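Shown next, in structure tokens, is the structure this report addresses.
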Amino acid sequence: MSTTYYAPRGGHPGQEQLLTDRAIFTDAYAVIPKGTMRDIVTSFLPFWDDTRLWVIARPMTGFAETFSQYIMEVQPDGGSDRPETDPEAEGVLFVVEGTATLNVGGETHEMTPGGYAYLPPSSGWTLRNRGDETLRFHWIRKAYEAVEGLDTPDVLVLNEQDIAPNVMPGTEGKWATTRFVDPADLRHDMHVTIVTFEPGAVIPFLETHVMEHGLYVLEGKAAYRLNNDWVEVEAGDYMWLRAFCPQACYAGGPGKFRYLLYKDVNRHMSLRPRLSR
């Protein structure tokens, strides 16, 4: 299977352009359209060379509290020998453009588009762009919730192209999920997957559940139901959902509708306020 993944380029709109867009932030969800990802809203990180990023999700009290998500843009020869400064943070990387040279656990991996890496806490990974093209990838971070009696997950370095999607029952292959982690592996407290809808496919009920979501549209377009609203989304848009936000989808075509999905899983609900570090 060959595919392309949308990645932002930045830039700045002209003065003649209308300011009206589809950006919205509510108490149940946010939609961050691709047109908002301009140069003026980029950020930088300590110990990263020739790199900028768009922060598209961060823990917020009363909204979505479990994760952050960045779109990283690394120029040739850029990267970091100390990318993660929080020893309790786990991470997932997903490459959309260029090639990442990832070093972790004494091994070197060349990650191309579709490349996925799970990086457990304190894994001491480093990342560089050794190629001639700009590298763009998603970086999802979460404070790992250790459980007594369960080991920390292993490093995983995979590629979507090598994984057969799991078809949802009763959909004739129109709705499928590419899973990088075995759902039965309870060492993991988050899953990052790719969801694919063929034209005309739907989520035929309002999903309402405890899991927080980040959904970055990699390809195509659709009408997405978020709480009380139907919104149109396309490649490059990001949807950010708090727990229990009702959601559904209609993929109208003409091509496939695909998104990168984050959700928190496999842990008891905390009965005490989260303590600030």
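Chain lettering (A, B, ...) mirrors the order of the structure tokens, residue numbering begins at 1 for each chain separately, and ligand numbering begins at 1 in order of display.
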Please provide as a PyMOL selection string all residues within 8 Å of stretch 255-265 of chain A, with the sequence filter that same-chain residues fewer than 5 positions apart are discarded (counting only C-alpha atoms). chain A and resi 66+188-199+211-222
List every residue of stretch 107-274 of chain A that DSSP, applied to the backbone, labels as strand (DSSP E), and write the result as a ChimeraX atom specification. /A:107-111,115-119,126-128,135-143,156-159,166-167,175-179,190-197,202-207,213-219,221-226,229-234,238-241,247-250,257-264
Quick one: contact table of stretch 27-75 of chain A to stretch 120-138 of chain A, 6 Å max, nearest atom pair and distance in Å to one decimal per residue, counting only C-alpha atoms, chain and number order, as JSON lines?
{"residue": "A:Tyr70", "atom": "CA", "partner": "A:His138", "partner_atom": "CA", "distance": 5.6}
{"residue": "A:Ile71", "atom": "CA", "partner": "A:His138", "partner_atom": "CA", "distance": 4.6}
{"residue": "A:Met72", "atom": "CA", "partner": "A:Phe137", "partner_atom": "CA", "distance": 5.3}
{"residue": "A:Glu73", "atom": "CA", "partner": "A:Arg136", "partner_atom": "CA", "distance": 4.6}
{"residue": "A:Val74", "atom": "CA", "partner": "A:Leu135", "partner_atom": "CA", "distance": 5.0}
{"residue": "A:Gln75", "atom": "CA", "partner": "A:Thr134", "partner_atom": "CA", "distance": 4.8}
How far is it from atom CA of A:Gln17 to atom CA of A:Leu226, in Å with one decimal?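 It comes out at 27.7 Å.
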Skipping near chain neighbours, those fewer than 3 positions away, what residues fall within 10 Å of A:Glu65 using only C-alpha atoms, listed as a PyMOL selection string? chain A and resi 57-62+68+142+212+242-243+274
Output the selection as a short mmCIF file (atom, residue, chain, number, x, y, z; two decimals), in the first residue's frame - N, CA, C and O atoms for each residue.
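out10.cif written:
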data_model
loop_
_atom_site.label_atom_id
_atom_site.label_comp_id
_atom_site.auth_asym_id
_atom_site.auth_seq_id
_atom_site.Cartn_x
_atom_site.Cartn_y
_atom_site.Cartn_z
N ALA A 57 -1.66 20.03 20.71
CA ALA A 57 -2.39 19.61 21.91
C ALA A 57 -1.44 19.67 23.09
O ALA A 57 -0.25 19.39 22.97
N ARG A 58 -1.99 20.06 24.25
CA ARG A 58 -1.24 20.06 25.50
C ARG A 58 -2.20 19.76 26.63
O ARG A 58 -3.41 20.03 26.51
N PRO A 59 -1.75 19.16 27.73
CA PRO A 59 -2.66 18.91 28.84
C PRO A 59 -3.27 20.22 29.35
O PRO A 59 -2.57 21.20 29.57
N MET A 60 -4.60 20.21 29.51
CA MET A 60 -5.32 21.38 30.00
C MET A 60 -6.35 20.92 31.02
O MET A 60 -7.21 20.08 30.72
N THR A 61 -6.28 21.44 32.22
CA THR A 61 -7.22 21.08 33.27
C THR A 61 -8.65 21.35 32.82
O THR A 61 -8.97 22.42 32.31
N GLY A 62 -9.51 20.35 32.96
CA GLY A 62 -10.90 20.49 32.58
C GLY A 62 -11.18 20.21 31.13
O GLY A 62 -12.32 20.27 30.68
N SER A 68 0.29 15.44 25.08
CA SER A 68 0.60 16.56 24.21
C SER A 68 0.93 16.00 22.83
O SER A 68 1.31 14.83 22.70
N LYS A 142 3.33 11.46 26.62
CA LYS A 142 2.43 11.18 27.74
C LYS A 142 3.26 10.78 28.95
O LYS A 142 4.28 10.10 28.80
N GLU A 212 -9.70 10.15 25.86
CA GLU A 212 -9.41 11.40 25.17
C GLU A 212 -8.86 11.08 23.79
O GLU A 212 -8.25 10.02 23.58
N ARG A 242 -12.12 16.04 24.32
CA ARG A 242 -12.07 15.65 25.72
C ARG A 242 -12.85 14.34 25.90
O ARG A 242 -13.56 13.89 25.02
N ALA A 243 -12.70 13.74 27.08
CA ALA A 243 -13.42 12.50 27.38
C ALA A 243 -14.93 12.73 27.27
O ALA A 243 -15.44 13.79 27.63
N ARG A 274 -4.68 15.15 39.99
CA ARG A 274 -3.32 15.01 39.50
C ARG A 274 -2.45 16.06 40.16
O ARG A 274 -2.83 17.23 40.26
#
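Using only C-alpha atoms, the nearest neighbour of A:Ile40 within the list A:Arg9, A:Ala251, A:Gln69, A:Thr26 is A:Arg9.
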Applying 6 Å and only C-alpha atoms, which residues near A:Gly91 remain after dropping the ones on its own chain fewer than 4 positions away? List them as a count of residues only. 4
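Of the listed residues A:Gly14, A:Pro83, A:Gly114, A:Pro204, the one whose atoms come nearest to A:Ile163 is A:Gly114, with distances taken using only C-alpha atoms.
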List the neighbours of A:Trp175 out to 9 Å using only C-alpha atoms; skip same-chain residues closer than 2 positions along the sequence, and give me the result as a list of chain:residue names.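 Contacts, in chain order: A:Asn166, A:Val167, A:Met168, A:Pro169, A:Thr171, A:Glu172, A:Gly173, A:Thr177, A:Val195, A:Thr196, A:Phe197, A:Glu198, A:Ala201, A:Val202, A:Ile203.
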Write out the residues from the selection above, keeping N, CA and C atoms, as a PDB file, in the first residue's frame.
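That gives us out.pdb:
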ATOM      1  N   ASN A 166      -6.698  -3.861  10.555  1.00  0.00           N
ATOM      2  CA  ASN A 166      -7.763  -4.669  11.126  1.00  0.00           C
ATOM      3  C   ASN A 166      -9.108  -4.088  10.696  1.00  0.00           C
ATOM      4  N   VAL A 167      -9.904  -4.898   9.995  1.00  0.00           N
ATOM      5  CA  VAL A 167     -11.191  -4.437   9.478  1.00  0.00           C
ATOM      6  C   VAL A 167     -12.241  -4.503  10.587  1.00  0.00           C
ATOM      7  N   MET A 168     -13.027  -3.444  10.723  1.00  0.00           N
ATOM      8  CA  MET A 168     -14.119  -3.451  11.694  1.00  0.00           C
ATOM      9  C   MET A 168     -15.187  -4.440  11.238  1.00  0.00           C
ATOM     10  N   PRO A 169     -15.706  -5.258  12.145  1.00  0.00           N
ATOM     11  CA  PRO A 169     -16.708  -6.271  11.762  1.00  0.00           C
ATOM     12  C   PRO A 169     -17.937  -5.636  11.119  1.00  0.00           C
ATOM     13  N   THR A 171     -18.327  -4.281   8.206  1.00  0.00           N
ATOM     14  CA  THR A 171     -18.151  -3.084   7.374  1.00  0.00           C
ATOM     15  C   THR A 171     -17.659  -3.401   5.972  1.00  0.00           C
ATOM     16  N   GLU A 172     -17.452  -4.672   5.645  1.00  0.00           N
ATOM     17  CA  GLU A 172     -16.975  -5.089   4.331  1.00  0.00           C
ATOM     18  C   GLU A 172     -15.672  -4.391   3.942  1.00  0.00           C
ATOM     19  N   GLY A 173     -14.840  -4.113   4.951  1.00  0.00           N
ATOM     20  CA  GLY A 173     -13.546  -3.499   4.703  1.00  0.00           C
ATOM     21  C   GLY A 173     -13.581  -2.008   4.529  1.00  0.00           C
ATOM     22  N   THR A 177      -8.610  -0.230  10.990  1.00  0.00           N
ATOM     23  CA  THR A 177      -7.654   0.407  11.900  1.00  0.00           C
ATOM     24  C   THR A 177      -6.305  -0.286  11.796  1.00  0.00           C
ATOM     25  N   VAL A 195      -6.656   5.259  11.392  1.00  0.00           N
ATOM     26  CA  VAL A 195      -8.013   4.847  11.030  1.00  0.00           C
ATOM     27  C   VAL A 195      -8.259   5.223   9.571  1.00  0.00           C
ATOM     28  N   THR A 196      -8.817   4.274   8.810  1.00  0.00           N
ATOM     29  CA  THR A 196      -9.075   4.477   7.390  1.00  0.00           C
ATOM     30  C   THR A 196     -10.539   4.205   7.073  1.00  0.00           C
ATOM     31  N   PHE A 197     -11.174   5.156   6.372  1.00  0.00           N
ATOM     32  CA  PHE A 197     -12.531   4.994   5.876  1.00  0.00           C
ATOM     33  C   PHE A 197     -12.520   5.074   4.348  1.00  0.00           C
ATOM     34  N   GLU A 198     -13.172   4.120   3.718  1.00  0.00           N
ATOM     35  CA  GLU A 198     -13.401   4.209   2.286  1.00  0.00           C
ATOM     36  C   GLU A 198     -14.525   5.206   2.020  1.00  0.00           C
ATOM     37  N   ALA A 201     -18.137   5.362   3.801  1.00  0.00           N
ATOM     38  CA  ALA A 201     -18.148   4.665   5.082  1.00  0.00           C
ATOM     39  C   ALA A 201     -18.509   5.632   6.213  1.00  0.00           C
ATOM     40  N   VAL A 202     -19.036   5.070   7.291  1.00  0.00           N
ATOM     41  CA  VAL A 202     -19.490   5.887   8.413  1.00  0.00           C
ATOM     42  C   VAL A 202     -19.108   5.237   9.736  1.00  0.00           C
ATOM     43  N   ILE A 203     -19.029   6.062  10.786  1.00  0.00           N
ATOM     44  CA  ILE A 203     -19.178   5.585  12.163  1.00  0.00           C
ATOM     45  C   ILE A 203     -20.665   5.713  12.452  1.00  0.00           C
TER      46      ILE A 203
END
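From atom CA of A:Leu156 back to atom CA of A:Thr99, the distance works out to 17.1 Å.
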If we count only C-alpha atoms and set the cut-off at 6 Å, which residues sit around A:Gly10, ignoring sequence neighbours fewer than 5 positions away in its own chain? Please answer as a list in words.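 Listing them by chain and then by number gives Met37, Arg38 and Asp39 of chain A.
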